[in-house]
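*Asks:* Just passing along the structure, written as structure tokens.
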Amino acid sequence: MPNDPATRQIWFINAAHFVCHYMLLILATAVLGMVAANGATFGTEYGPVLALGTGMFVLYGIGALPMGWLAEKVGRHALMSAFFLGVGGSLLLAGFVSGPWGLAAALGLAGLFNAIYHPIGTAMLVEAAGDRVGRAMGNNGVFGNLGVASAPVLTALLVTQAGWRWAFLVPAAAALVLGLLWLREPPYDARQHVKNARPFPQIPATIVRQAVISLMLMAVASGFVFNAFTLLIPKLMQERMADSPSLLPLVGALAFTATLFGGLTQFTVGRMIDRTTLKRVFLPLAFALVPALLALSFLQGWAVLPVAAIAAAAIFGQVTVNETMTARYVAPALRAKLYSLRFFVGFLGAAAASPAIGYLHDAFGNLGLTLIVLAAFACITLACALLFPDRPEELNPTLWNSSATPAVAAE
């Protein structure tokens, strides 16, 4: 473990990002084995069992709202302790349930603790990153993406080799171990470790409003698209490329391969946005996503894999840009609260993904219409990207002070 306190904090926050996204997607792959081997317990239909995760995503979204306020009361370090131990304990419960309602309750509890990560962990990451926020966000995004990409393949392996319960028990143990290690880590305060830190600039109020409005609108649309796409990837691969139950590990591997490209994109995007304005990175990603999703609505066979990889790259690359938007346009004192609000709004869209996929799949028998719906939401994100400011001051914040428009202080 590195000796530098800021670097240690970044590593723990990155590990937490992996846990956050991994646990959200366990059910999406485990359901494929649960309906095949546990029909008497969970039923034999994909949609109703997948919908057991709805409460998890609802609480994941609603729970993000008060986190900025809670951080002021109990501290960010304590909340991250609750994240690791709460998620681990909840997944442990999920591994021992005896019926669908018990599983839904355990996953709902896990979603509530998981709500801590994005508003609190992201604010802590920005604080520790200093002037290299883009690089830190890109690296952090890779860890989250690895959680997304690993969940299908590792869950499929565990379900196939040991049964669906171990798909919850193994990540539970990992989260609990990380929590115990985090408890030994002293709280980090950038003011005590960074000398001559550059003050946050005074950005014109109209530009801040334009950025925040665009950010909030795209949060709903991109939250729905992100969550729906990551949930449906295993099913998409099963329907289009490997429809035999014995090929479940292959389904996980194909899903992993497609989403891995998202991680590579985040790594690249994180470095690009330290050298150029956010809009110039975001627009190409938004333009690429719409036709990719439309193509996935009808493609069959191996052609699905590269197009799914393009869609994953665009979706995950957008996440890195979105999170850096808050760091560049919102003062440090307000970030945790705005992250809470932004992720609350975004997760409301995300919470609708699970029941929407289940309903549309059962109603139409495949994922074709679901992907067309995702393309429509991606158009909303594209419109928001077009509205977002494109200001050179992002790369040289001292230029904000020369703006003629009335400014908002770093409140």
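Just remember, in the structure tokens the first chain shown is A, the second B, etc., residues are 1-based per chain, and ligands are 1-based in the order shown.
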Go through segment 200-302 of chain A and flag each residue having an atom no more than 10 Å from segment 354-366 of chain A; for those, report the closest pair of atoms plus their distance in Å to one decimal, using only C-alpha atoms, ordered by chain and rising number, as JSON lines.

*Replies:*
{"residue": "A:Phe224", "atom": "CA", "partner": "A:Ser354", "partner_atom": "CA", "distance": 9.4}
{"residue": "A:Asn227", "atom": "CA", "partner": "A:Ser354", "partner_atom": "CA", "distance": 8.0}
{"residue": "A:Ala228", "atom": "CA", "partner": "A:Ser354", "partner_atom": "CA", "distance": 6.7}
{"residue": "A:Phe229", "atom": "CA", "partner": "A:Ile357", "partner_atom": "CA", "distance": 9.4}
{"residue": "A:Leu231", "atom": "CA", "partner": "A:Ser354", "partner_atom": "CA", "distance": 7.3}
{"residue": "A:Leu232", "atom": "CA", "partner": "A:Ile357", "partner_atom": "CA", "distance": 7.4}
{"residue": "A:Lys235", "atom": "CA", "partner": "A:Asn366", "partner_atom": "CA", "distance": 9.2}
{"residue": "A:Leu236", "atom": "CA", "partner": "A:Asn366", "partner_atom": "CA", "distance": 8.6}
{"residue": "A:Glu239", "atom": "CA", "partner": "A:Asn366", "partner_atom": "CA", "distance": 7.7}
{"residue": "A:Arg240", "atom": "CA", "partner": "A:Asn366", "partner_atom": "CA", "distance": 9.7}
{"residue": "A:Ser297", "atom": "CA", "partner": "A:Asn366", "partner_atom": "CA", "distance": 9.3}

*Asks:* Got time to write the residues from that selection, all heavy atoms, as a compact mmCIF listing (two decimals), in the first residue's frame?

*Replies:*
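Result file is again.txt:
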# COMPACT_ATOMS: atom_id res chain seq x y z
N PHE A 224 -30.53 5.94 -16.92
CA PHE A 224 -31.37 4.86 -17.43
C PHE A 224 -30.62 4.01 -18.45
O PHE A 224 -30.63 2.78 -18.40
CB PHE A 224 -32.64 5.44 -18.06
CG PHE A 224 -33.55 4.40 -18.66
CD1 PHE A 224 -34.40 3.66 -17.86
CD2 PHE A 224 -33.56 4.16 -20.03
CE1 PHE A 224 -35.24 2.69 -18.40
CE2 PHE A 224 -34.39 3.20 -20.58
CZ PHE A 224 -35.23 2.47 -19.76
N ASN A 227 -27.65 1.90 -16.78
CA ASN A 227 -28.09 0.76 -15.98
C ASN A 227 -28.78 -0.30 -16.84
O ASN A 227 -28.53 -1.50 -16.68
CB ASN A 227 -29.05 1.23 -14.88
CG ASN A 227 -29.03 0.32 -13.69
OD1 ASN A 227 -27.98 -0.17 -13.29
ND2 ASN A 227 -30.18 0.08 -13.10
N ALA A 228 -29.61 0.14 -17.78
CA ALA A 228 -30.30 -0.82 -18.64
C ALA A 228 -29.31 -1.60 -19.49
O ALA A 228 -29.42 -2.82 -19.63
CB ALA A 228 -31.31 -0.09 -19.53
N PHE A 229 -28.32 -0.92 -20.05
CA PHE A 229 -27.37 -1.60 -20.92
C PHE A 229 -26.54 -2.62 -20.14
O PHE A 229 -26.34 -3.74 -20.60
CB PHE A 229 -26.45 -0.57 -21.58
CG PHE A 229 -25.53 -1.17 -22.61
CD1 PHE A 229 -26.00 -1.47 -23.88
CD2 PHE A 229 -24.21 -1.45 -22.31
CE1 PHE A 229 -25.16 -2.03 -24.84
CE2 PHE A 229 -23.37 -2.01 -23.25
CZ PHE A 229 -23.84 -2.30 -24.52
N LEU A 231 -27.36 -4.13 -17.44
CA LEU A 231 -28.23 -5.23 -17.02
C LEU A 231 -28.54 -6.19 -18.16
O LEU A 231 -28.59 -7.41 -17.96
CB LEU A 231 -29.54 -4.68 -16.45
CG LEU A 231 -29.50 -4.13 -15.02
CD1 LEU A 231 -30.83 -3.45 -14.69
CD2 LEU A 231 -29.20 -5.21 -14.00
N LEU A 232 -28.76 -5.65 -19.35
CA LEU A 232 -29.22 -6.51 -20.44
C LEU A 232 -28.09 -7.19 -21.22
O LEU A 232 -28.35 -8.10 -22.02
CB LEU A 232 -30.13 -5.74 -21.40
CG LEU A 232 -29.57 -4.57 -22.22
CD1 LEU A 232 -28.76 -4.99 -23.43
CD2 LEU A 232 -30.74 -3.68 -22.68
N LYS A 235 -28.10 -11.03 -21.11
CA LYS A 235 -29.24 -11.57 -21.84
C LYS A 235 -29.08 -11.36 -23.34
O LYS A 235 -29.43 -12.24 -24.15
CB LYS A 235 -30.53 -10.91 -21.35
CG LYS A 235 -31.80 -11.51 -21.92
CD LYS A 235 -31.98 -12.96 -21.49
CE LYS A 235 -33.29 -13.55 -21.96
NZ LYS A 235 -33.42 -14.98 -21.60
N LEU A 236 -28.53 -10.22 -23.75
CA LEU A 236 -28.31 -9.94 -25.16
C LEU A 236 -27.36 -10.98 -25.76
O LEU A 236 -27.60 -11.50 -26.86
CB LEU A 236 -27.74 -8.53 -25.34
CG LEU A 236 -27.44 -8.10 -26.77
CD1 LEU A 236 -28.72 -7.93 -27.58
CD2 LEU A 236 -26.63 -6.80 -26.79
N GLU A 239 -29.18 -14.35 -26.05
CA GLU A 239 -30.17 -14.41 -27.13
C GLU A 239 -29.52 -14.45 -28.51
O GLU A 239 -29.96 -15.19 -29.39
CB GLU A 239 -31.09 -13.18 -27.06
CG GLU A 239 -32.14 -13.24 -25.98
CD GLU A 239 -33.12 -12.08 -26.11
OE1 GLU A 239 -32.92 -11.21 -26.99
OE2 GLU A 239 -34.08 -12.05 -25.33
N ARG A 240 -28.49 -13.65 -28.71
CA ARG A 240 -27.95 -13.47 -30.06
C ARG A 240 -26.76 -14.38 -30.38
O ARG A 240 -26.45 -14.59 -31.54
CB ARG A 240 -27.50 -12.02 -30.25
CG ARG A 240 -28.55 -10.97 -29.88
CD ARG A 240 -29.71 -10.93 -30.82
NE ARG A 240 -30.69 -9.94 -30.42
CZ ARG A 240 -30.62 -8.64 -30.73
NH1 ARG A 240 -29.62 -8.19 -31.46
NH2 ARG A 240 -31.55 -7.80 -30.31
N SER A 297 -30.37 -3.41 -31.91
CA SER A 297 -31.77 -3.83 -31.83
C SER A 297 -32.11 -4.92 -32.85
O SER A 297 -33.11 -5.62 -32.69
CB SER A 297 -32.70 -2.63 -32.04
OG SER A 297 -32.63 -2.15 -33.38

*Asks:* Write out as an mmCIF file with C-alpha atoms, in the first residue's frame the residues lying within 8 Å of Phe113 of chain A, counting only C-alpha atoms and excluding same-chain residues fewer than 4 positions away.

*Replies:*
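Contents of the output file part.cif:
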data_model
loop_
_atom_site.group_PDB
_atom_site.id
_atom_site.type_symbol
_atom_site.label_atom_id
_atom_site.label_comp_id
_atom_site.auth_asym_id
_atom_site.auth_seq_id
_atom_site.Cartn_x
_atom_site.Cartn_y
_atom_site.Cartn_z
ATOM 1 C CA TYR A 60 -29.633 3.054 -4.511
ATOM 2 C CA GLY A 63 -30.442 6.878 -0.713
ATOM 3 C CA ALA A 82 -20.668 1.930 6.351
ATOM 4 C CA PHE A 83 -20.507 1.392 2.585
ATOM 5 C CA GLY A 86 -23.069 -2.597 4.850
ATOM 6 C CA VAL A 87 -22.782 -3.840 1.274
ATOM 7 C CA LEU A 109 -30.566 -3.227 1.869
#

*Asks:* Using only C-alpha atoms, which of A:Ala378, A:Ala219, A:Leu334, A:Leu176 sits nearest Phe287 of chain A?

*Replies:*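 Checking each of A:Ala378, A:Ala219, A:Leu334, A:Leu176 against Phe287 of chain A, counting only C-alpha atoms, the winner is A:Ala378.
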
*Asks:* Please provide as a ChimeraX atom specification all residues within 8 Å of segment 96-102 of chain A, with the sequence filter that same-chain residues fewer than 5 positions apart are discarded (counting only C-alpha atoms).

*Replies:* /A:41-42,49,52,165

*Asks:* Emit the selected residues as a PDB file, in the first residue's frame, including all heavy atoms.

*Replies:*
ATOM      1  N   THR A  41     -38.455 -22.299  -6.465  1.00  0.00           N
ATOM      2  CA  THR A  41     -38.211 -21.224  -5.504  1.00  0.00           C
ATOM      3  C   THR A  41     -38.437 -19.852  -6.103  1.00  0.00           C
ATOM      4  O   THR A  41     -39.088 -18.991  -5.505  1.00  0.00           O
ATOM      5  CB  THR A  41     -36.766 -21.318  -4.969  1.00  0.00           C
ATOM      6  OG1 THR A  41     -36.565 -22.603  -4.391  1.00  0.00           O
ATOM      7  CG2 THR A  41     -36.509 -20.244  -3.920  1.00  0.00           C
ATOM      8  N   PHE A  42     -37.895 -19.619  -7.288  1.00  0.00           N
ATOM      9  CA  PHE A  42     -37.925 -18.283  -7.878  1.00  0.00           C
ATOM     10  C   PHE A  42     -38.786 -18.184  -9.137  1.00  0.00           C
ATOM     11  O   PHE A  42     -38.958 -17.093  -9.670  1.00  0.00           O
ATOM     12  CB  PHE A  42     -36.495 -17.847  -8.210  1.00  0.00           C
ATOM     13  CG  PHE A  42     -35.617 -17.686  -7.007  1.00  0.00           C
ATOM     14  CD1 PHE A  42     -34.684 -18.652  -6.680  1.00  0.00           C
ATOM     15  CD2 PHE A  42     -35.733 -16.574  -6.186  1.00  0.00           C
ATOM     16  CE1 PHE A  42     -33.870 -18.518  -5.562  1.00  0.00           C
ATOM     17  CE2 PHE A  42     -34.924 -16.423  -5.069  1.00  0.00           C
ATOM     18  CZ  PHE A  42     -33.995 -17.402  -4.762  1.00  0.00           C
ATOM     19  N   VAL A  49     -37.973 -12.534 -11.974  1.00  0.00           N
ATOM     20  CA  VAL A  49     -36.830 -12.713 -11.075  1.00  0.00           C
ATOM     21  C   VAL A  49     -35.885 -11.517 -11.180  1.00  0.00           C
ATOM     22  O   VAL A  49     -35.384 -11.014 -10.167  1.00  0.00           O
ATOM     23  CB  VAL A  49     -36.084 -14.038 -11.387  1.00  0.00           C
ATOM     24  CG1 VAL A  49     -34.913 -14.216 -10.418  1.00  0.00           C
ATOM     25  CG2 VAL A  49     -37.036 -15.217 -11.286  1.00  0.00           C
ATOM     26  N   LEU A  52     -36.783  -8.576  -9.060  1.00  0.00           N
ATOM     27  CA  LEU A  52     -36.506  -8.608  -7.620  1.00  0.00           C
ATOM     28  C   LEU A  52     -35.417  -7.608  -7.242  1.00  0.00           C
ATOM     29  O   LEU A  52     -35.285  -7.235  -6.076  1.00  0.00           O
ATOM     30  CB  LEU A  52     -36.081 -10.016  -7.184  1.00  0.00           C
ATOM     31  CG  LEU A  52     -37.138 -11.114  -7.292  1.00  0.00           C
ATOM     32  CD1 LEU A  52     -36.539 -12.467  -6.932  1.00  0.00           C
ATOM     33  CD2 LEU A  52     -38.330 -10.802  -6.401  1.00  0.00           C
ATOM     34  N   ARG A 165     -25.975 -19.190  -4.711  1.00  0.00           N
ATOM     35  CA  ARG A 165     -25.706 -18.561  -3.410  1.00  0.00           C
ATOM     36  C   ARG A 165     -24.274 -18.033  -3.332  1.00  0.00           C
ATOM     37  O   ARG A 165     -24.016 -16.944  -2.802  1.00  0.00           O
ATOM     38  CB  ARG A 165     -25.965 -19.538  -2.268  1.00  0.00           C
ATOM     39  CG  ARG A 165     -27.434 -19.940  -2.145  1.00  0.00           C
ATOM     40  CD  ARG A 165     -27.681 -20.814  -0.914  1.00  0.00           C
ATOM     41  NE  ARG A 165     -29.062 -21.288  -0.884  1.00  0.00           N
ATOM     42  CZ  ARG A 165     -30.085 -20.581  -0.408  1.00  0.00           C
ATOM     43  NH1 ARG A 165     -29.884 -19.361   0.065  1.00  0.00           N
ATOM     44  NH2 ARG A 165     -31.308 -21.088  -0.410  1.00  0.00           N
TER      45      ARG A 165
END

*Asks:* Please return, as an NGL selection string, all residues of segment 84-244 of chain A that DSSP assigns to alpha helix (DSSP H) on the basis of the backbone.

*Replies:* :A and (84-94 or 100-114 or 122-129 or 133-162 or 164-183 or 190-193 or 205-240)

*Asks:* Find the residue from A:Ser222, A:Asn140, A:Ser150, A:Asn396 that sits nearest to Val126 of chain A; use only C-alpha atoms when measuring.

*Replies:* A:Asn140

*Asks:* For Val307 of chain A, work out the shell of residues within 10 Å, counting only C-alpha atoms and skipping chain neighbours fewer than 6 positions away, then give it as a list of chain:residue names.

*Replies:*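 That gives A:Ala258, A:Leu289, A:Pro291, A:Ala292, A:Leu293, A:Leu294, A:Ala295, A:Leu296, A:Leu299, A:Ala313.
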
*Asks:* For those residues, write C-alpha atoms to a file as a PDB file, in the first residue's frame.

*Replies:*
ATOM      1  CA  ALA A 258     -17.994  -6.159 -24.636  1.00  0.00           C
ATOM      2  CA  LEU A 289     -24.027   5.840 -28.977  1.00  0.00           C
ATOM      3  CA  PRO A 291     -26.562   4.409 -33.991  1.00  0.00           C
ATOM      4  CA  ALA A 292     -24.799   1.677 -31.983  1.00  0.00           C
ATOM      5  CA  LEU A 293     -27.891   1.032 -29.870  1.00  0.00           C
ATOM      6  CA  LEU A 294     -30.144   1.087 -32.923  1.00  0.00           C
ATOM      7  CA  ALA A 295     -27.887  -1.446 -34.666  1.00  0.00           C
ATOM      8  CA  LEU A 296     -27.977  -3.748 -31.632  1.00  0.00           C
ATOM      9  CA  LEU A 299     -28.039  -7.521 -35.286  1.00  0.00           C
ATOM     10  CA  ALA A 313     -17.234   2.503 -24.834  1.00  0.00           C
TER      11      ALA A 313
END

*Asks:* When distances are computed from only C-alpha atoms, which of A:Ala104, A:Ala350, A:Ala211, A:Leu180 shows the smallest separation from Gly223 of chain A?

*Replies:*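 The closest residue to Gly223 of chain A is A:Ala350.
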
*Asks:* Work out how far apart atom CA of Ile203 of chain A and atom CA of Leu215 of chain A are and give it in Å to one decimal.

*Replies:*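 Spanning atom CA of Ile203 of chain A to atom CA of Leu215 of chain A is a straight-line distance of 16.2 Å.
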
*Asks:* Find the spatial neighbours of Ala64 of chain A, counting only C-alpha atoms, within a cut-off of 8 Å - ignore same-chain residues fewer than 5 positions away - and output them as a PyMOL selection string.

*Replies:* chain A and resi 115-116+118-119+340-341+343-344

*Asks:* Between A:Ser90, A:Thr122, A:Thr276, A:Asn145, single out the one closest to Gly317 of chain A, counting only C-alpha atoms.

*Replies:*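 Between A:Ser90, A:Thr122, A:Thr276, A:Asn145, the residue approaching Gly317 of chain A most closely is A:Asn145.
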